[in-house]
Each structure stands twice: as structure tokens, then as C-alpha cells.
Amino acid sequence: MPLPPKIRPAPSLAFFSVTLVAATTFAACALVFFFNPSKHAFYPVCLFHRLTRLNCPGCGGTRAVYALLHGRFETALRDNALFIGLLPALALRGAWIAIRKPPATPFFPPGILWGLLVVAILFAVLRNLPQFSFLSP
């Protein structure tokens with residue numbers, strides 16, 4: 001009687017996931033690089049800003065990415081300092097997870113997420129005060 005073929009475990013989705021995220025990030029960065037958010041109307045509009053005329057923590061983020069991709073770091077900081085400040089933390093955390101490969105842990109633990117929420121709310125409040133107008137885009 002012939003032996004049945006070996007059943008291989010399903011391939012890991014990690015490579016597919018990383019490739020998909022990398023390709024999407026590259027495509028988004030290419031889109032922002034070639035199309036200035038200040039001049040093209042197809043970018044999403046901040047509904048919070050449209051309804052309240054206040055700046056949310058994300059206002060100016062797309063323009064900051066555009067400036068950063070074109071090597072204008074000061075302009076990127078002026079457009080959204082919180083977003084530019086969190087980019088290195090996001091990259092470091094992603095590298096840490098890629099190197100360590102912990103079993104099914106969240107990308108950011110809940111304690112860090114609560115801290116980021118507090119920082120984002122504080123940033124939103126400060127950037128709408130006249131004394132901190134330098135934080136507004």
C-alpha cells in the first residue's frame with residue numbers, strides 16, 4: 001500500500017502581510033510625492049475641521065508627509081509635529097516586532113495606546129490655542 005502524501009502546514013501569512021503593507025505604503029507615498037495635497041482636491045478632507053473650524057491632531061498630516069518626502073523637514077514639523085514625531089516611534093516598534101517575532105502581541109500595548117491618546121488630545125487642545133498657534137498647520 002503506498003504511503004499518503006505528507007500534509008504540509010499552511011504557509012504563514014506573515015510574508016504576504018508584510019509585502020502588502022510595504023506595497024501599500026510605497027504606493028501611498030508615491031501618490032503623495034507626485035501630487036501636492038495643497039493643490040489637488042482628491043485627498044480626503046478633515047470633517048472635524050470642516051464642521052468646527054478647529055484643528056484635530058491629524059490636520060496637516062498629508063501635507064507633512066509631502067514636505068517630508070521632498071526633504072523639507074521644517075515644513076513637515078510646522079504642518080503636523082505630532083505625526084512627524086511619532087513616525088520614528090512607529091518605525092522602531094515595527095523593527096522591534098520584526099526582530100523579536102513575539103507570539104501574537106498587539107503592535108502597541110494598551111498602556112502605550114492610552115498614553116498616545118492623551119498626547120493626541122493635549123496636542124489638539126494646544127494647537128487651537130492662540131499661544132500655541134505655531135502648532136497649527
# chains A, B, ... in the order shown; residues from 1 in each chain; ligands from 1
call {"tool": "residues_around", "arguments": {"residues": "Pro57 of chain A", "least_positions_apart": "4", "cutoff": "8 Å", "atoms": "only C-alpha atoms", "output": "list in words"}}
result
Asn80, Leu82, Ala120, Ile121, Phe123 and Ala124 of chain A
call {"tool": "write_last_selection", "arguments": {"atoms": "C-alpha atoms", "output": "PDB file, in the first residue's frame"}}
result
ATOM      1  CA  ASN A  80       1.987  68.382  11.914  1.00  0.00           C
ATOM      2  CA  LEU A  82       2.848  65.151  16.339  1.00  0.00           C
ATOM      3  CA  ALA A 120      -3.058  63.498  20.883  1.00  0.00           C
ATOM      4  CA  ILE A 121      -5.831  65.198  22.870  1.00  0.00           C
ATOM      5  CA  PHE A 123      -1.788  68.327  21.127  1.00  0.00           C
ATOM      6  CA  ALA A 124      -5.246  69.046  19.669  1.00  0.00           C
TER       7      ALA A 124
END
call {"tool": "select_by_dssp", "arguments": {"residues": "segment 16-99 of chain A", "states": "helix (DSSP H, G or I)", "output": "ChimeraX atom specification"}}
result
/A:16-34,47-52,61-69,73-79,81-99
call {"tool": "residues_around", "arguments": {"residues": "Gly85 of chain A", "least_positions_apart": "3", "cutoff": "12 Å", "atoms": "only C-alpha atoms", "output": "list of chain:residue names"}}
result
A:Gly61, A:Ala64, A:Val65, A:Leu68, A:Phe73, A:Ala76, A:Leu77, A:Arg78, A:Asp79, A:Asn80, A:Ala81, A:Leu82, A:Pro88, A:Ala89, A:Leu90, A:Ala91, A:Leu116, A:Val119, A:Ala120, A:Phe123
call {"tool": "write_last_selection", "arguments": {"atoms": "N, CA and C atoms", "output": "JSON list (two decimals), in the first residue's frame"}}
result
[["chain", "number", "residue", "atom", "x", "y", "z"],
["A", 61, "GLY", "N", -1.44, 66.39, 8.35],
["A", 61, "GLY", "CA", -0.61, 65.19, 8.25],
["A", 61, "GLY", "C", -0.19, 64.85, 6.83],
["A", 64, "ALA", "N", 2.35, 67.27, 5.74],
["A", 64, "ALA", "CA", 3.61, 66.97, 6.42],
["A", 64, "ALA", "C", 4.34, 65.83, 5.73],
["A", 65, "VAL", "N", 3.62, 64.80, 5.31],
["A", 65, "VAL", "CA", 4.24, 63.70, 4.58],
["A", 65, "VAL", "C", 4.81, 64.21, 3.25],
["A", 68, "LEU", "N", 7.94, 66.11, 4.01],
["A", 68, "LEU", "CA", 8.99, 65.18, 4.44],
["A", 68, "LEU", "C", 9.57, 64.41, 3.25],
["A", 73, "PHE", "N", 12.09, 69.22, 6.14],
["A", 73, "PHE", "CA", 11.77, 68.76, 7.50],
["A", 73, "PHE", "C", 11.10, 69.85, 8.33],
["A", 76, "ALA", "N", 7.52, 70.14, 7.34],
["A", 76, "ALA", "CA", 6.79, 68.97, 7.84],
["A", 76, "ALA", "C", 6.47, 69.13, 9.32],
["A", 77, "LEU", "N", 7.43, 69.61, 10.10],
["A", 77, "LEU", "CA", 7.17, 69.84, 11.53],
["A", 77, "LEU", "C", 6.12, 70.91, 11.74],
["A", 78, "ARG", "N", 6.13, 71.94, 10.92],
["A", 78, "ARG", "CA", 5.16, 73.01, 11.05],
["A", 78, "ARG", "C", 3.76, 72.52, 10.68],
["A", 79, "ASP", "N", 3.67, 71.62, 9.70],
["A", 79, "ASP", "CA", 2.36, 71.11, 9.28],
["A", 79, "ASP", "C", 1.73, 70.18, 10.31],
["A", 80, "ASN", "N", 2.51, 69.27, 10.87],
["A", 80, "ASN", "CA", 1.99, 68.38, 11.91],
["A", 80, "ASN", "C", 3.15, 67.77, 12.69],
["A", 81, "ALA", "N", 3.52, 68.43, 13.76],
["A", 81, "ALA", "CA", 4.66, 67.99, 14.57],
["A", 81, "ALA", "C", 4.40, 66.66, 15.27],
["A", 82, "LEU", "N", 3.17, 66.41, 15.66],
["A", 82, "LEU", "CA", 2.85, 65.15, 16.34],
["A", 82, "LEU", "C", 3.06, 63.96, 15.40],
["A", 88, "PRO", "N", 9.19, 58.04, 13.90],
["A", 88, "PRO", "CA", 10.30, 57.20, 14.37],
["A", 88, "PRO", "C", 9.84, 56.15, 15.39],
["A", 89, "ALA", "N", 8.90, 56.50, 16.26],
["A", 89, "ALA", "CA", 8.40, 55.53, 17.24],
["A", 89, "ALA", "C", 7.70, 54.37, 16.53],
["A", 90, "LEU", "N", 6.94, 54.68, 15.50],
["A", 90, "LEU", "CA", 6.26, 53.64, 14.73],
["A", 90, "LEU", "C", 7.27, 52.73, 14.03],
["A", 91, "ALA", "N", 8.29, 53.33, 13.45],
["A", 91, "ALA", "CA", 9.32, 52.54, 12.76],
["A", 91, "ALA", "C", 10.10, 51.67, 13.74],
["A", 116, "LEU", "N", -0.73, 57.57, 24.10],
["A", 116, "LEU", "CA", -0.79, 58.28, 22.82],
["A", 116, "LEU", "C", -2.10, 59.05, 22.67],
["A", 119, "VAL", "N", -1.72, 62.22, 24.69],
["A", 119, "VAL", "CA", -0.82, 63.14, 23.97],
["A", 119, "VAL", "C", -1.55, 63.77, 22.78],
["A", 120, "ALA", "N", -2.33, 62.98, 22.04],
["A", 120, "ALA", "CA", -3.06, 63.50, 20.88],
["A", 120, "ALA", "C", -4.11, 64.52, 21.31],
["A", 123, "PHE", "N", -2.27, 67.66, 22.33],
["A", 123, "PHE", "CA", -1.79, 68.33, 21.13],
["A", 123, "PHE", "C", -2.92, 69.06, 20.42]]
call {"tool": "closest_residue", "arguments": {"among": "A:Pro130, A:Pro37, A:Gly94, A:Pro44", "to": "Ala67 of chain A", "atoms": "only C-alpha atoms"}}
result
A:Pro37
call {"tool": "residues_around", "arguments": {"residues": "Phe42 of chain A", "least_positions_apart": "5", "cutoff": "12 Å", "atoms": "only C-alpha atoms", "output": "list of chain:residue names"}}
result
A:Leu31, A:Val32, A:Phe35, A:Asn36, A:Pro37
